[in-house]
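**Q** What follows is a single structure, and I will ask about it in a moment.
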Amino acid sequence: MPRSLPLIILTLCLAVTQGCATYTTPAGGVNIPSLGDGDIAELMAVEPAAQFPARIAVARIQSSGYSSRTNDSYGSGRYSVVTTRDMEDEGDFARLAEMDMVAGVAPVGRLLLPAQLDSIKDLRLSAARLKADMLLLYSVDTAFHVEGKALGPLTAITLGLLPSKQAFVSSTTSGLLVDVRTGYIYGVAEATERNEQRTTVWDSADAIDRARVQSEAASFKSFIGEVSTLWGQTVQQYAIKEPEPLPVTPPQPAQPKPAIPATIEPSGSQETYTF
């Protein structure tokens, strides 16, 4: 047997192994409104109680057990919390802190979180420990598409043998602005962005994951813009009060004018009376 044959066989094995490598898409986001509790009557009775300028706590939540190549999550239950930033940058949070009537912005850290996460109230308790007035919750849902076919969460994508096809990654960041004290929801914000490529670029798991992070980062940046709009409406409705009307002084009754006494003016042989 030629000496070069084992080397050829080894090379073919490595090629097959690389071609059969896979990338598994991350788990999905969370339907945040579904994490609320209480019936309709209780929800309708909730009123806003935040003070302005307001302190805002921020938390990213994902499905239970969420993980990616650049991140993982904490907590078990109906959702988990991502405490490490991979798609966000400091400029995004600086933009939040610079909004009008904002006293400060702080992330909800892992040390403040309970191990069991089942409702928004669990995060409101953590935000209360930060003395926050409001809680900004957001979640990212990312989907991979190849030739119009969506690849859902936890889908294995085979690498190396993909033909040249049109592909894109779409990410939607959605969130709620919640009153920490009462659970009142001031409003919602949502933004979607996508990153288009050819599947030939997806030659490694790192390449696909870079496309994911780029798509999620663009989505989050647009989401911050939507939050700024929501915040402006919130300040206008709840922080800026209409000026109180000036007190109305009742009109004083008119004082009677004193009567002018009659005078007599002599004019020759006639007498004229002036009143």
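Note on naming: chains are A, B, ... as they come in the structure tokens, residues start from 1 per chain, ligands start from 1 in the order shown.
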Report as a PDB file with C-alpha atoms, in the first residue's frame all protein, DNA and RNA residues lying within 9 Å of stretch 202-218 of chain A, evaluated on only C-alpha atoms, omitting residues in the same chain fewer than 2 positions from it.
**A**
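The new file result.pdb reads:
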```
ATOM      1  CA  GLN A  18     -15.966  19.430   8.898  1.00  0.00           C
ATOM      2  CA  ALA A  21     -20.366  19.989  11.632  1.00  0.00           C
ATOM      3  CA  THR A  22     -23.490  21.831  12.721  1.00  0.00           C
ATOM      4  CA  TYR A  23     -24.563  25.117  14.243  1.00  0.00           C
ATOM      5  CA  THR A  24     -27.580  25.037  16.553  1.00  0.00           C
ATOM      6  CA  THR A  25     -29.718  28.167  16.570  1.00  0.00           C
ATOM      7  CA  SER A  68     -25.782  30.959  22.727  1.00  0.00           C
ATOM      8  CA  ARG A  69     -22.137  30.811  21.667  1.00  0.00           C
ATOM      9  CA  THR A  70     -21.549  34.224  23.289  1.00  0.00           C
ATOM     10  CA  ASP A  86     -23.182  40.646  23.829  1.00  0.00           C
ATOM     11  CA  MET A  87     -25.431  42.521  21.388  1.00  0.00           C
ATOM     12  CA  GLU A  88     -25.730  45.695  23.495  1.00  0.00           C
ATOM     13  CA  ASP A  89     -23.064  48.362  23.873  1.00  0.00           C
ATOM     14  CA  VAL A 140     -34.885  39.125  21.588  1.00  0.00           C
ATOM     15  CA  ASP A 141     -36.348  36.606  19.167  1.00  0.00           C
ATOM     16  CA  THR A 142     -34.002  35.605  16.308  1.00  0.00           C
ATOM     17  CA  ALA A 143     -34.877  33.487  13.274  1.00  0.00           C
ATOM     18  CA  PHE A 144     -32.669  32.117  10.475  1.00  0.00           C
ATOM     19  CA  ILE A 157     -27.643  23.899  10.497  1.00  0.00           C
ATOM     20  CA  LEU A 159     -21.916  23.614   7.823  1.00  0.00           C
ATOM     21  CA  GLY A 160     -19.487  23.326   4.941  1.00  0.00           C
ATOM     22  CA  LEU A 161     -21.821  21.637   2.425  1.00  0.00           C
ATOM     23  CA  LEU A 162     -24.383  24.444   2.083  1.00  0.00           C
ATOM     24  CA  PHE A 168     -30.741  36.161   6.247  1.00  0.00           C
ATOM     25  CA  VAL A 169     -31.027  36.415  10.003  1.00  0.00           C
ATOM     26  CA  SER A 170     -33.911  38.460  11.411  1.00  0.00           C
ATOM     27  CA  SER A 171     -34.116  39.653  15.010  1.00  0.00           C
ATOM     28  CA  THR A 172     -37.001  41.271  16.852  1.00  0.00           C
ATOM     29  CA  THR A 173     -36.452  43.041  20.158  1.00  0.00           C
ATOM     30  CA  THR A 192     -37.030  44.263  13.854  1.00  0.00           C
ATOM     31  CA  GLU A 193     -33.833  44.211  11.786  1.00  0.00           C
ATOM     32  CA  ARG A 194     -32.228  41.599   9.548  1.00  0.00           C
ATOM     33  CA  ASN A 195     -28.790  40.731   8.188  1.00  0.00           C
ATOM     34  CA  GLU A 196     -28.743  39.316   4.628  1.00  0.00           C
ATOM     35  CA  GLN A 197     -25.944  37.054   3.365  1.00  0.00           C
ATOM     36  CA  ARG A 198     -25.256  34.089   1.106  1.00  0.00           C
ATOM     37  CA  THR A 199     -25.134  30.645   2.668  1.00  0.00           C
ATOM     38  CA  THR A 200     -21.609  30.206   1.303  1.00  0.00           C
ATOM     39  CA  PHE A 220     -31.601  46.412  19.843  1.00  0.00           C
ATOM     40  CA  LYS A 221     -30.316  49.778  18.621  1.00  0.00           C
ATOM     41  CA  SER A 222     -33.601  50.379  16.784  1.00  0.00           C
ATOM     42  CA  PHE A 223     -35.462  49.209  19.891  1.00  0.00           C
TER      43      PHE A 223
END
```
**Q** Would you tabulate, counting only C-alpha atoms, all residues of stretch 155-181 of chain A that have an atom at most 10 Å from an atom of stretch 119-126 of chain A, showing the closest pair of atoms and their distance in Å to one decimal, sorted by chain then ascending number, as a tab-separated table?
**A**
```
residue	atom	partner	partner_atom	distance
A:Val178	CA	A:Arg124	CA	8.4
A:Asp179	CA	A:Arg124	CA	8.2
A:Val180	CA	A:Arg124	CA	5.2
A:Arg181	CA	A:Arg124	CA	7.7
```
**Q** Using only C-alpha atoms for the distances, tell me which of A:Leu151, A:Val81, A:Met99, A:Ala132 is nearest to A:Val227.
**A**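 Nearest candidate to A:Val227 out of A:Leu151, A:Val81, A:Met99, A:Ala132: A:Met99.
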**Q** Any idea what's packed within 6 Å of A:Gln116, counting only C-alpha atoms, ignoring anything in its chain fewer than 5 positions away? Could you give it as a ChimeraX atom specification?
**A** /A:75-77
**Q** From a backbone DSSP assignment, name each residue in stretch 74-231 of chain A labelled helix (DSSP H, G or I), as number ranges by chain.
**A** A: 90-97, 110-112, 120-129, 199-201, 205-231
**Q** Just give me the gap between atom CA of A:Leu35 and atom CA of A:Ser228 in Å, one decimal is fine.
**A**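 Taking atom CA of A:Leu35 and atom CA of A:Ser228, their separation equals 23.8 Å.
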**Q** Taking the backbone alone, and naming residues the way the document does, which bits of stretch 55-150 of chain A are strand (DSSP E) by DSSP, as JSON, numbers by chain?
**A** {"A": [55, 56, 57, 58, 59, 60, 61, 62, 76, 77, 80, 81, 82, 102, 103, 104, 105, 106, 107, 116, 117, 134, 135, 136, 137, 138, 139, 140, 141, 142, 143, 144, 145, 146, 149, 150]}
**Q** How far is it from atom CA of A:Tyr79 to atom CA of A:Leu117, in Å with one decimal?
**A** 6.1 Å
**Q** Could you please determine the separation between atom CA of A:Lys131 and atom CA of A:Ala54 in Å, to one decimal place?
**A**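 Interatomic distance here is 10.0 Å.
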**Q** Fewer than 6 positions away in the same chain doesn't count, so skip those; otherwise give me all residues within 12 Å of A:Gly232, counting only C-alpha atoms, as a ChimeraX atom specification.
**A** /A:96,99-102,186-187,225-226,238-240
**Q** Could you save the residues just selected, with N, CA and C atoms, as an mmCIF file, in the first residue's frame?
**A**
```cif
data_model
loop_
_atom_site.group_PDB
_atom_site.id
_atom_site.type_symbol
_atom_site.label_atom_id
_atom_site.label_comp_id
_atom_site.auth_asym_id
_atom_site.auth_seq_id
_atom_site.Cartn_x
_atom_site.Cartn_y
_atom_site.Cartn_z
ATOM 1 N N LEU A 96 -30.226 55.830 26.901
ATOM 2 C CA LEU A 96 -31.347 55.758 27.842
ATOM 3 C C LEU A 96 -31.147 56.721 29.002
ATOM 4 N N MET A 99 -32.061 60.454 28.470
ATOM 5 C CA MET A 99 -33.433 60.863 28.198
ATOM 6 C C MET A 99 -33.922 61.845 29.268
ATOM 7 N N ASP A 100 -34.838 62.686 28.883
ATOM 8 C CA ASP A 100 -35.376 63.693 29.795
ATOM 9 C C ASP A 100 -36.097 63.025 30.972
ATOM 10 N N MET A 101 -35.922 63.583 32.154
ATOM 11 C CA MET A 101 -36.587 63.128 33.377
ATOM 12 C C MET A 101 -36.141 61.726 33.801
ATOM 13 N N VAL A 102 -34.913 61.330 33.437
ATOM 14 C CA VAL A 102 -34.343 60.054 33.888
ATOM 15 C C VAL A 102 -33.253 60.353 34.906
ATOM 16 N N TYR A 186 -46.677 51.100 31.260
ATOM 17 C CA TYR A 186 -46.746 52.405 30.598
ATOM 18 C C TYR A 186 -46.822 52.271 29.083
ATOM 19 N N GLY A 187 -46.263 51.215 28.535
ATOM 20 C CA GLY A 187 -46.322 51.038 27.095
ATOM 21 C C GLY A 187 -45.377 49.951 26.625
ATOM 22 N N GLY A 225 -34.371 53.327 20.093
ATOM 23 C CA GLY A 225 -35.058 54.466 19.490
ATOM 24 C C GLY A 225 -36.551 54.451 19.774
ATOM 25 N N GLU A 226 -37.154 53.260 19.708
ATOM 26 C CA GLU A 226 -38.585 53.139 20.011
ATOM 27 C C GLU A 226 -38.855 53.421 21.495
ATOM 28 N N TYR A 238 -47.471 61.577 32.184
ATOM 29 C CA TYR A 238 -47.462 61.298 33.619
ATOM 30 C C TYR A 238 -46.557 62.224 34.434
ATOM 31 N N ALA A 239 -45.599 62.874 33.792
ATOM 32 C CA ALA A 239 -44.657 63.695 34.556
ATOM 33 C C ALA A 239 -44.935 65.178 34.431
ATOM 34 N N ILE A 240 -45.395 65.635 33.279
ATOM 35 C CA ILE A 240 -45.665 67.059 33.065
ATOM 36 C C ILE A 240 -47.125 67.319 33.360
#
```
**Q** So which residues touch A:Leu177 within 10 Å, counting only C-alpha atoms, skipping near sequence neighbours fewer than 5 positions away, as a list in words?
**A**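 The residues satisfying every condition are Ile56, Ala57, Val58, Met134, Leu135, Leu136, Leu137, Tyr138, Gly183, Tyr184, Ile185, Tyr186, Gly187, Val188, Ala189, Val227, Leu230, Trp231 and Thr234 of chain A.
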**Q** With only C-alpha atoms as the atoms that count, which of A:Val108, A:Ala115, A:Ala191, A:Ala45 lies nearest to A:Ser174?
**A** A:Ala191
